[in-house]
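Below: the structure, in C-alpha cells.
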Amino acid sequence: MLETKYDAKKVEEKKYDIWKEKGYFKSGKNKGANPYCIVIPPPNVTGKLHIGHAYNVAIQDAIIRYKRMQGFDTLWLPGMDHAAIATEAKVVKKLKDQGIDKYEYGRENFLNACWDWTHEYGQSIRDQWAAMGISVDYDKERFTLDEGLNKAVTKVFVDYYNKGLIYRGEKIINWDPVAQTALSNEEVIYKDVEGAFYHLKYYIEGSDEYLDVATTRPETLFGDTAVAVNEKDERYKKYIGKNVILPIVNKLIPVIADEHADPEFGTGVVKITPAHDPNDFEVGNRHNLERVIVMNPDGTMNENALKYAGLTREECREELLKDLQEKDLLISIEPMVHSVGHSERTGVMVEPYLSKQWFVKMRGLADKVLENQKDENTKVNFVPEYYEKTMNHWMEITYDWCISRQLWWGHRIPAWYKGDEIYVKEEAPIGEGWVQDEDVLDTWFSSALWPFSTLGWPEKTEDMQRYFPNDCLVTGYDIIPFWVNRMTFQSLELNGVRPFKDVVIHGLVRDIQGRKMSKSLGNGVDPFDMINKYGTDALRYYLNTDCAFGTDLRFDETKMASTWNYINKIWNASRFVLMNIEDIKNIDLSNLSDEDKWILSKYNKIVNSTIKHMDNYEFNLVGMETYNFIYDDFCSNYIEFAKFNIDKESTKSVLYTVLNGILKILHPFMPFVTEEIYQMLPIKDSESIMISDYPKYDEKLIFEKEEEIVENKINFIKTFRNIKAENNISKDFKVNINFTDEIIIKILKLDNNIINEKLNINSYQVSSENLKATIYFEKIVTDEEIELKNKNIENLKQSIERRKKLLSNENYVKKAPANLVEQEKNKLIEEEQKLKELEN
C-alpha cells in the first residue's frame, strides 16, 4: 500500500539503479519491432549540467519512454563532447593555479591532464543524468574524442581534402586573443558597446589638403596600405592615383578607387587594412595590396606598431589618440554605439586577424541541403516548422567554414609538412623530416558527424543499418547554425540522406521576467536544487508541459510547487483506488453505470488526443488536457461518484482501468511516481511500467449519451452548491426540488440516489409552473432546538412583561434618568421583535 504522504525523495530513490540493472534502457532486445533512435546532444565535459540541459533531456526522455511503451525498439544513445576551447581553458586555469605553464608542461602531459578532467566530470554528468531519470542505453555511450569517432573525423577530413572540399589558405578570421585560437562566425556573439568614429587627417602627398578618414579602430592604422574612395564620388575623383601620408607612421599609401567605399556612408573615404578587416582583405586582393599584421596573437601590438609595441589594443588606442591630437591629426571624435563581436567562450572582443587556417568549401554542400529541403519525403522536418527558415537562410548566405583551432585538446589535423610539401592522409607519413600540423579541428566538425559516427560509421555496422537515419533530434534554437545545419550537410554529403527525420526545437530557459540566466544577474536556476526541493518528477513534468516547443520557457518556481501539489493529488487519489481494488482479480466492464460509462468515454477520448499530441510533440497540450481530465473528471467527480457504488465489481474495474491508463500516460513525464503506484496495482501487464503497453484508444468505450447525462448531473451539482454557497445556506436545511418536467428527473437520474445522497435531497416533484426547476431549502429543526426555542420564547415573554410594567409606572418614568428610561424602551422593542421571529 502507498504511504499516507507523498515523499518525492523516498519514491525516487533506487528506482533508477533497478531500471538500469534490469536492462530496461537497452536497445536491440526486440529485433522484430520497428526501430526508433535519438542521439543525445552531447553535453560539454566542463562541469555541472545547467537548467537548459535538464530541459533538453527531459523532453528526449519523454519521447523515448513513450516510444518504448508503444513497442518500438528504442535506442537513446548517450555521449559527451570534448568541448575543445572550454575544456582547454578550464585545464589551463587548473594548471596555472598549481603554478604549471601549459607550454612548459608539454603537449603530452597537457593532454593527459585533459583526459583526467574528462573522466572526472564525465562521471559527474552520468550521476546528474541519473538524477534526471533519463533512460539512455549506457552500453552505447560515445565521446567525441574516442577512438571510433577520431577515426571517422580523420577520414572525413582526408576525403574532403582529396575532393577539394577542404583547403588551407590565408584569410581574415575571427581571433580570440585570450584563448589564442581562430573561431567560426557562429562562435562570435555580437554585443552593443559604446564606441566612436574617430576622424583623422590623411594628408595628400605634397599638399596641405587632407582626406577626412573616419574609423572606429584607430589602433589598426599601422596596418593601412591604402585609402579607398568610390570612383563615382565627385568629391574625391581628383585624388585617385595619388598618395596620402599615413598618420604617425609617415608612410606613403595610395588612394585607390573601389566600390567598397560608399559615398553615402561616413565621409566616403575608407582606410584599407587588409590584415585586420574582412572587407579590407577583399579590397586588398582586388588591388594586390600588402597585408601588414599589427598585433600579436595575445592581442598586444607588435613591432609594426612602432613605439606602441607591447601595449594592449585598448592602451594603444588611448596613447595614439593623445599623439594624434598633439600633432593636429585628430579632427573630431563622434560618439556612437555599435555592434562588436565577442568570443562565445571567453567573452573577449574578437580580433579580425589575418591567419593561415584550414577551411571547408561550403557553397556546394549548402546547395545540396537547400535542394533536399524541397522534397517532403527526404527533408529534415522542423518542429515548429518555421525554424526551417533559419536553416535555409543560413545555407543561402553561407561562407567557407574555418575549421582549424590553435589548441591542443581536440582532433589533431591529419596534415604533415616538410618544406613546401603537404601530406594529408589518415596515417602518418613514412620518413624523416615530416612535422604534423599543431592545430586541432573545430569541435563542431566532429559534432557534425554525431548522428552516424556514434553508430559506427564509416563501417556498415548493425546499428548503423538499423538506426540511421535517426528518428528525432531535440535541441535549442540557439544552436541550429552551430550544429543542426552542419549535421545536415555532412550527412547528405557522406551518406546521401538526412541525418534525422524530425528536429524538435525548444527555446531557452529564462527567468520569470524573461531575462537570460547569467551569473552577473544572479538569476540562474540549479535544476538539482529544484529536484531536492520538489522531486525529479515535478521538474520533468513542469519543463515538458509548461509551454509550446520553440518558445522560451520562463522559469517560475510557484509552478514547480503547483506541480508538486498535482502529483500529491494523484498520489491521494491512487491511495483511495488501491484501498478499494485490492481484491480485484479480473476486469469486468459488463455492468456499467452511467457514471462508469462517462469516465470510460472521457478516458478514451483523452487517450486518443494524447497519442495525437505526443506524435506531434505537443507536450504542453498533453499536459493541459490530461490535467483537466485527471484533476476534474477523475479525482473530483468520478471518485466521488464511485464512493456510492464502491462494492460493485464494475466500479472497481473502472477505477483500475482508468488509474492504470493515467499512470501510463503520465509515465514519460513522471517516471518515478508512476512506477511506484503501478507496482501497487493488483493486476499488471508488465514487471515495470516503463516496458508496459501504452494505452490504446477503444471506440467501443465511447458513450456519448451517458456522457451528456452525467455532464448534466455534474452541472446540476455545481449549480446547486453555488446557490447554497452564495446564500450561506448550511447543510442542516431540508432540500425539496420542484421540476417542470419528468424528463429532467430521468436525465439527472435522481431515482438512483447518487445525487440525492451527495446533495441530501429530501424530495422532488413535477410542477406545472413554467420553470425548469425550483429548489426549496427548509431548515431542519431537532427536538433539542425546539425545546431551546420554547425556553427562549418563555424568557422573552417574562422580560417583556416586566419592562411593560416598569414603563407603565408614571412615577418611574418621571423620576428615573432619561437615558435609562430610553434604554428600557429600546430593549422592549428589540425583545418584542425577537419574540415575533421565534414564534414565526
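Ordered as shown in the C-alpha cells, chains take letters A, B, and onward, while each chain numbers its residues from 1 and ligands are numbered from 1 in the order shown.
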
### Message
Give me, as a list in words, all polymer residues having an atom no more than 10 Å from A:Leu149, counting only C-alpha atoms and skipping those fewer than 5 positions away in the same chain.
### Response
Arg142, Phe143, Thr144, Thr154, Lys155, His411, Ser446, Ser447, Leu449, Trp450, Phe452, Ser453, Thr454, Leu455, Gly456, Trp457 and Pro458 of chain A

Distance query stretch 123-125 of chain A at most 10 Å, only C-alpha atoms, self and fewer than 6 positions along chain excluded, as a compact mmCIF listing (two decimals) with all heavy atoms, in the first residue's frame:
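Okay, this is what ended up in part_33.txt:
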```txt
# COMPACT_ATOMS: atom_id res chain seq x y z
N PRO A 43 26.58 16.87 -23.90
CA PRO A 43 26.99 18.00 -23.05
C PRO A 43 28.50 18.10 -22.98
O PRO A 43 29.22 17.12 -23.18
CB PRO A 43 26.40 17.62 -21.68
CG PRO A 43 26.37 16.13 -21.69
CD PRO A 43 26.06 15.74 -23.11
N ASN A 44 28.99 19.29 -22.71
CA ASN A 44 30.43 19.51 -22.56
C ASN A 44 30.93 18.91 -21.25
O ASN A 44 30.25 18.99 -20.23
CB ASN A 44 30.75 21.01 -22.56
CG ASN A 44 30.38 21.66 -23.87
OD1 ASN A 44 30.15 20.99 -24.87
ND2 ASN A 44 30.32 22.98 -23.87
N VAL A 45 32.11 18.33 -21.29
CA VAL A 45 32.68 17.76 -20.07
C VAL A 45 33.41 18.86 -19.29
O VAL A 45 34.60 18.78 -19.01
CB VAL A 45 33.66 16.60 -20.37
CG1 VAL A 45 32.91 15.36 -20.75
CG2 VAL A 45 34.66 16.99 -21.46
N THR A 46 32.65 19.89 -18.95
CA THR A 46 33.27 21.03 -18.26
C THR A 46 32.64 21.32 -16.91
O THR A 46 32.93 22.33 -16.30
CB THR A 46 33.17 22.30 -19.13
OG1 THR A 46 31.80 22.48 -19.53
CG2 THR A 46 34.05 22.21 -20.34
N GLY A 47 31.78 20.46 -16.42
CA GLY A 47 31.24 20.70 -15.09
C GLY A 47 29.78 20.33 -14.96
O GLY A 47 29.29 19.42 -15.61
N LYS A 48 29.06 21.10 -14.14
CA LYS A 48 27.68 20.79 -13.78
C LYS A 48 26.71 21.11 -14.91
O LYS A 48 26.86 22.11 -15.61
CB LYS A 48 27.31 21.60 -12.53
CG LYS A 48 26.10 21.06 -11.79
CD LYS A 48 25.96 21.75 -10.45
CE LYS A 48 24.83 21.12 -9.65
NZ LYS A 48 24.66 21.77 -8.34
N LEU A 49 25.72 20.25 -15.05
CA LEU A 49 24.70 20.48 -16.07
C LEU A 49 23.79 21.62 -15.63
O LEU A 49 23.44 21.74 -14.46
CB LEU A 49 23.87 19.20 -16.28
CG LEU A 49 24.65 17.97 -16.74
CD1 LEU A 49 23.70 16.80 -16.92
CD2 LEU A 49 25.38 18.24 -18.04
N GLY A 79 26.13 10.40 -24.84
CA GLY A 79 27.51 10.74 -25.15
C GLY A 79 27.86 12.11 -24.63
O GLY A 79 27.00 12.86 -24.14
N MET A 80 29.14 12.45 -24.76
CA MET A 80 29.62 13.74 -24.28
C MET A 80 30.58 14.34 -25.31
O MET A 80 31.17 13.64 -26.12
CB MET A 80 30.34 13.59 -22.94
CG MET A 80 29.44 13.03 -21.84
SD MET A 80 30.33 12.73 -20.32
CE MET A 80 29.32 11.42 -19.61
N ALA A 131 20.03 11.41 -11.84
CA ALA A 131 19.12 12.22 -11.02
C ALA A 131 17.92 12.69 -11.83
O ALA A 131 16.81 12.83 -11.30
CB ALA A 131 19.87 13.41 -10.44
```

### Query
So which residues of stretch 197-370 of chain A fall under strand (DSSP E or B) by DSSP, listed as an MDAnalysis selection string?
chainID A and resid 197:204 210:215 226:229 243:246 251:257 270:272 295 300:301 312 330:343 349 351:360

### Nearest candidate to A:Ile85 (options A:Glu459, A:Glu421, A:Glu21, A:Asp442; using only C-alpha atoms)
A:Asp442

### Polymer residues at most 6 Å from A:Gly195, only C-alpha atoms, same-chain spacing of 5 or more positions, as number ranges by chain
A: 335-337

For N, CA, C and O atoms, I'd like the residues from the last selection saved as a PDB file, in the first residue's frame.
```
ATOM      1  N   PRO A 335      30.923  60.165 -30.846  1.00  0.00           N
ATOM      2  CA  PRO A 335      30.453  59.011 -30.050  1.00  0.00           C
ATOM      3  C   PRO A 335      29.319  58.265 -30.753  1.00  0.00           C
ATOM      4  O   PRO A 335      28.476  58.867 -31.425  1.00  0.00           O
ATOM      5  N   MET A 336      29.307  56.967 -30.590  1.00  0.00           N
ATOM      6  CA  MET A 336      28.255  56.131 -31.176  1.00  0.00           C
ATOM      7  C   MET A 336      28.225  54.784 -30.466  1.00  0.00           C
ATOM      8  O   MET A 336      29.151  54.420 -29.744  1.00  0.00           O
ATOM      9  N   VAL A 337      27.132  54.058 -30.653  1.00  0.00           N
ATOM     10  CA  VAL A 337      27.004  52.693 -30.137  1.00  0.00           C
ATOM     11  C   VAL A 337      27.006  51.752 -31.332  1.00  0.00           C
ATOM     12  O   VAL A 337      26.254  51.955 -32.297  1.00  0.00           O
TER      13      VAL A 337
END
```

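Of the residues listed (A:Gln798, A:Asn572, A:Thr651, A:Asn495), A:Gln798 shows the shortest atom-to-atom separation from A:Leu828; distances use only C-alpha atoms.
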